[in-house]
Amino acid sequence: MSASAEIAGRVVFSELPLYSIRAELIRLNDGNKKFQKIKNLNEIPNSASIGIVNGYEYPYELMEMMSTKKSLLLLKDEATILSMLQKGRIDYGILNLDDLKTLDVVLAQAGIQNKKQFTTIYKSKLQGYVGFSLQHPLGLKLKEQFDRGYQQIIQSKEKENILKRCKKEVF
């Protein structure tokens with residue numbers, strides 16, 4: 001969960017993020033230097049087709065950019081985005097990646113071996129927090145308990161161990 005205007009004043013977040021993702025805007029590498037990197041998301045034409053994963057949360061500036069685009073395709077996963085980019089069915093794709101779900105993992109899921117055919121033209125980060133309702137009488141107390149316990153999990157390296165096990169089992 002991340003902050004948004006709809007929940008302001010109703011939810012308090014954990015002190016530390018539970019996870020962090022890198023949202024990468026990518027396109028097929030067609031050798032056009034103009035599209036290698038962009039400084040401003042407004043450089044993307046309004047007519048561009050963009051593949052995103054249905055139901056995913058994206059960093060604010062990417063959500064803003066997506067709201068102005070005429071062709072936003074809601075897809076089932078990042079592997080589908082890469083496949084559609086490779087086939088020229090979409091102009092751009094947004095991948096949410098992290099230490100477990102890397103570009104190499106998504107490429108393997110898509111059955112694509114040559115990652116050099118894709119170019120990341122924009123990166124942004126999004127951190128996810130645990131949210132606690134301020135409307136619940138125990139909301140703040142539960143947040144404090146969570147923060148203490150999560151701090152212990154991080155300091156004891158248990159979070160790191162959990163992530164290693166997940167990577168081994170899932171990917």
# chains A, B, ... in the order shown; residues from 1 in each chain; ligands from 1
>>> residues_around(residues="Leu97 of chain A", least_positions_apart="4", cutoff="6 Å", atoms="only C-alpha atoms", output="PyMOL selection string")
chain A and resi 21-22+101-102
>>> residues_around(residues="segment 88-96 of chain A", least_positions_apart="4", cutoff="7 Å", atoms="only C-alpha atoms", output="list in words")
Ile21, Arg22, Ala23, Glu24, Leu25, Ile26, Arg27, Ala48, Ser49, Ile50, Gly51, Ile52, Glu78, Ile81 and Met84 of chain A
>>> closest_residue(among="A:Ser83, A:Ser14, A:Ser20, A:Ser124", to="Leu140 of chain A", atoms="only C-alpha atoms")
A:Ser14
>>> closest_residue(among="A:Phe118, A:Gln145, A:Tyr150, A:Asp99", to="Leu163 of chain A", atoms="only C-alpha atoms")
A:Asp99
>>> select_by_dssp(residues="segment 21-121 of chain A", states="alpha helix (DSSP H)", output="PDB file with C-alpha atoms, in the first residue's frame")
ATOM      1  CA  TYR A  60       2.690   8.505  -9.161  1.00  0.00           C
ATOM      2  CA  GLU A  61       4.416  10.064 -12.176  1.00  0.00           C
ATOM      3  CA  LEU A  62       3.801   6.949 -14.267  1.00  0.00           C
ATOM      4  CA  MET A  63       0.136   6.867 -13.215  1.00  0.00           C
ATOM      5  CA  GLU A  64      -0.149  10.527 -14.258  1.00  0.00           C
ATOM      6  CA  MET A  65       1.423   9.770 -17.633  1.00  0.00           C
ATOM      7  CA  MET A  66      -0.856   6.764 -18.164  1.00  0.00           C
ATOM      8  CA  SER A  67      -3.950   8.878 -17.495  1.00  0.00           C
ATOM      9  CA  GLU A  78       5.152  -8.645 -17.319  1.00  0.00           C
ATOM     10  CA  ALA A  79       6.066 -11.634 -19.515  1.00  0.00           C
ATOM     11  CA  THR A  80       3.058 -10.810 -21.704  1.00  0.00           C
ATOM     12  CA  ILE A  81       4.231  -7.195 -21.904  1.00  0.00           C
ATOM     13  CA  LEU A  82       7.657  -8.313 -23.178  1.00  0.00           C
ATOM     14  CA  SER A  83       6.107 -10.691 -25.714  1.00  0.00           C
ATOM     15  CA  MET A  84       3.812  -7.975 -27.042  1.00  0.00           C
ATOM     16  CA  LEU A  85       6.695  -5.509 -27.271  1.00  0.00           C
ATOM     17  CA  GLN A  86       8.791  -8.049 -29.139  1.00  0.00           C
ATOM     18  CA  LEU A 103      14.339  -8.500 -15.758  1.00  0.00           C
ATOM     19  CA  ASP A 104      16.153 -11.802 -16.316  1.00  0.00           C
ATOM     20  CA  VAL A 105      13.369 -13.681 -14.502  1.00  0.00           C
ATOM     21  CA  VAL A 106      10.653 -11.986 -16.573  1.00  0.00           C
ATOM     22  CA  LEU A 107      12.588 -12.606 -19.799  1.00  0.00           C
ATOM     23  CA  ALA A 108      12.818 -16.305 -18.922  1.00  0.00           C
ATOM     24  CA  GLN A 109       9.074 -16.406 -18.171  1.00  0.00           C
ATOM     25  CA  ALA A 110       8.421 -14.869 -21.590  1.00  0.00           C
TER      26      ALA A 110
END
>>> closest_residue(among="A:Leu134, A:Ile121, A:Cys166, A:Leu142", to="Leu28 of chain A", atoms="only C-alpha atoms")
A:Ile121
>>> residues_around(residues="Asp147 of chain A", least_positions_apart="3", cutoff="10 Å", atoms="only C-alpha atoms", output="list in words")
Phe13, Ser14, Glu15, Leu16, Val130, Lys141, Leu142, Lys143, Glu144, Tyr150, Gln151, Gln152 and Ile153 of chain A
>>> write_last_selection(atoms="C-alpha atoms", output="tab-separated table (two decimals), in the first residue's frame")
chain	number	residue	atom	x	y	z
A	13	PHE	CA	1.71	3.57	7.44
A	14	SER	CA	4.42	1.38	8.86
A	15	GLU	CA	7.68	3.15	9.60
A	16	LEU	CA	9.63	1.08	7.06
A	130	VAL	CA	1.58	-1.82	5.65
A	141	LYS	CA	-1.17	0.37	18.68
A	142	LEU	CA	-1.02	-2.32	15.99
A	143	LYS	CA	1.20	-0.08	13.84
A	144	GLU	CA	3.64	0.34	16.75
A	150	TYR	CA	9.45	-5.78	11.58
A	151	GLN	CA	12.55	-3.97	12.86
A	152	GLN	CA	13.55	-7.17	14.69
A	153	ILE	CA	13.03	-9.26	11.55
>>> closest_residue(among="A:Leu138, A:Leu75, A:Leu41, A:Leu126", to="Leu18 of chain A", atoms="only C-alpha atoms")
A:Leu126
>>> decode(residues="segment 113-146 of chain A", atoms="N, CA and C atoms", output="mmCIF file, in the first residue's frame")
data_model
loop_
_atom_site.group_PDB
_atom_site.id
_atom_site.type_symbol
_atom_site.label_atom_id
_atom_site.label_comp_id
_atom_site.auth_asym_id
_atom_site.auth_seq_id
_atom_site.Cartn_x
_atom_site.Cartn_y
_atom_site.Cartn_z
ATOM 1 N N GLN A 113 15.326 -14.690 -24.959
ATOM 2 C CA GLN A 113 16.714 -14.857 -24.538
ATOM 3 C C GLN A 113 17.584 -13.620 -24.746
ATOM 4 N N ASN A 114 17.207 -12.747 -25.644
ATOM 5 C CA ASN A 114 18.042 -11.588 -25.952
ATOM 6 C C ASN A 114 17.479 -10.332 -25.298
ATOM 7 N N LYS A 115 18.016 -9.987 -24.118
ATOM 8 C CA LYS A 115 17.485 -8.808 -23.424
ATOM 9 C C LYS A 115 17.956 -7.502 -24.048
ATOM 10 N N LYS A 116 18.963 -7.556 -24.914
ATOM 11 C CA LYS A 116 19.465 -6.334 -25.549
ATOM 12 C C LYS A 116 18.467 -5.750 -26.543
ATOM 13 N N GLN A 117 17.424 -6.518 -26.879
ATOM 14 C CA GLN A 117 16.429 -5.991 -27.812
ATOM 15 C C GLN A 117 15.470 -5.012 -27.130
ATOM 16 N N PHE A 118 15.578 -4.895 -25.803
ATOM 17 C CA PHE A 118 14.732 -3.965 -25.051
ATOM 18 C C PHE A 118 15.590 -2.859 -24.445
ATOM 19 N N THR A 119 15.015 -1.675 -24.377
ATOM 20 C CA THR A 119 15.696 -0.521 -23.794
ATOM 21 C C THR A 119 14.824 0.070 -22.693
ATOM 22 N N THR A 120 15.409 0.246 -21.514
ATOM 23 C CA THR A 120 14.717 0.952 -20.434
ATOM 24 C C THR A 120 14.923 2.436 -20.673
ATOM 25 N N ILE A 121 13.814 3.168 -20.801
ATOM 26 C CA ILE A 121 13.939 4.599 -21.085
ATOM 27 C C ILE A 121 13.565 5.475 -19.893
ATOM 28 N N TYR A 122 12.991 4.858 -18.865
ATOM 29 C CA TYR A 122 12.623 5.631 -17.672
ATOM 30 C C TYR A 122 12.507 4.671 -16.501
ATOM 31 N N LYS A 123 13.016 5.085 -15.335
ATOM 32 C CA LYS A 123 12.910 4.273 -14.115
ATOM 33 C C LYS A 123 12.346 5.116 -12.982
ATOM 34 N N SER A 124 11.599 4.455 -12.135
ATOM 35 C CA SER A 124 11.055 5.116 -10.962
ATOM 36 C C SER A 124 10.899 4.076 -9.855
ATOM 37 N N LYS A 125 10.853 4.526 -8.612
ATOM 38 C CA LYS A 125 10.696 3.601 -7.489
ATOM 39 C C LYS A 125 9.353 3.795 -6.809
ATOM 40 N N LEU A 126 8.879 2.703 -6.244
ATOM 41 C CA LEU A 126 7.658 2.741 -5.456
ATOM 42 C C LEU A 126 7.876 1.843 -4.248
ATOM 43 N N GLN A 127 7.590 2.375 -3.084
ATOM 44 C CA GLN A 127 7.713 1.584 -1.868
ATOM 45 C C GLN A 127 6.330 1.249 -1.349
ATOM 46 N N GLY A 128 6.201 0.023 -0.880
ATOM 47 C CA GLY A 128 4.930 -0.435 -0.340
ATOM 48 C C GLY A 128 5.004 -0.582 1.173
ATOM 49 N N TYR A 129 4.017 -0.063 1.842
ATOM 50 C CA TYR A 129 3.962 -0.070 3.298
ATOM 51 C C TYR A 129 2.748 -0.851 3.772
ATOM 52 N N VAL A 130 2.766 -1.249 5.019
ATOM 53 C CA VAL A 130 1.581 -1.817 5.647
ATOM 54 C C VAL A 130 0.774 -0.637 6.177
ATOM 55 N N GLY A 131 -0.511 -0.619 5.858
ATOM 56 C CA GLY A 131 -1.376 0.466 6.297
ATOM 57 C C GLY A 131 -2.253 0.033 7.464
ATOM 58 N N PHE A 132 -2.446 0.932 8.405
ATOM 59 C CA PHE A 132 -3.273 0.664 9.586
ATOM 60 C C PHE A 132 -4.352 1.727 9.668
ATOM 61 N N SER A 133 -5.576 1.285 9.812
ATOM 62 C CA SER A 133 -6.714 2.196 9.839
ATOM 63 C C SER A 133 -6.709 3.046 11.104
ATOM 64 N N LEU A 134 -6.860 4.341 10.918
ATOM 65 C CA LEU A 134 -7.000 5.242 12.062
ATOM 66 C C LEU A 134 -8.419 5.204 12.601
ATOM 67 N N GLN A 135 -9.332 4.604 11.854
ATOM 68 C CA GLN A 135 -10.718 4.478 12.313
ATOM 69 C C GLN A 135 -10.893 3.305 13.268
ATOM 70 N N HIS A 136 -9.949 2.392 13.241
ATOM 71 C CA HIS A 136 -10.003 1.246 14.162
ATOM 72 C C HIS A 136 -9.376 1.669 15.490
ATOM 73 N N PRO A 137 -9.992 1.321 16.618
ATOM 74 C CA PRO A 137 -9.462 1.764 17.917
ATOM 75 C C PRO A 137 -8.051 1.252 18.213
ATOM 76 N N LEU A 138 -7.648 0.160 17.604
ATOM 77 C CA LEU A 138 -6.309 -0.383 17.852
ATOM 78 C C LEU A 138 -5.315 -0.058 16.729
ATOM 79 N N GLY A 139 -5.730 0.756 15.758
ATOM 80 C CA GLY A 139 -4.896 1.050 14.600
ATOM 81 C C GLY A 139 -3.477 1.494 14.936
ATOM 82 N N LEU A 140 -3.344 2.512 15.765
ATOM 83 C CA LEU A 140 -2.012 3.033 16.113
ATOM 84 C C LEU A 140 -1.202 2.033 16.931
ATOM 85 N N LYS A 141 -1.866 1.357 17.852
ATOM 86 C CA LYS A 141 -1.170 0.373 18.679
ATOM 87 C C LYS A 141 -0.642 -0.779 17.807
ATOM 88 N N LEU A 142 -1.443 -1.240 16.876
ATOM 89 C CA LEU A 142 -1.017 -2.317 15.988
ATOM 90 C C LEU A 142 0.131 -1.874 15.085
ATOM 91 N N LYS A 143 0.093 -0.623 14.648
ATOM 92 C CA LYS A 143 1.195 -0.083 13.841
ATOM 93 C C LYS A 143 2.495 -0.113 14.638
ATOM 94 N N GLU A 144 2.444 0.335 15.898
ATOM 95 C CA GLU A 144 3.641 0.343 16.752
ATOM 96 C C GLU A 144 4.167 -1.075 16.963
ATOM 97 N N GLN A 145 3.281 -2.030 17.193
ATOM 98 C CA GLN A 145 3.700 -3.426 17.372
ATOM 99 C C GLN A 145 4.322 -3.969 16.089
ATOM 100 N N PHE A 146 3.693 -3.666 14.969
ATOM 101 C CA PHE A 146 4.244 -4.116 13.694
ATOM 102 C C PHE A 146 5.636 -3.537 13.484
#
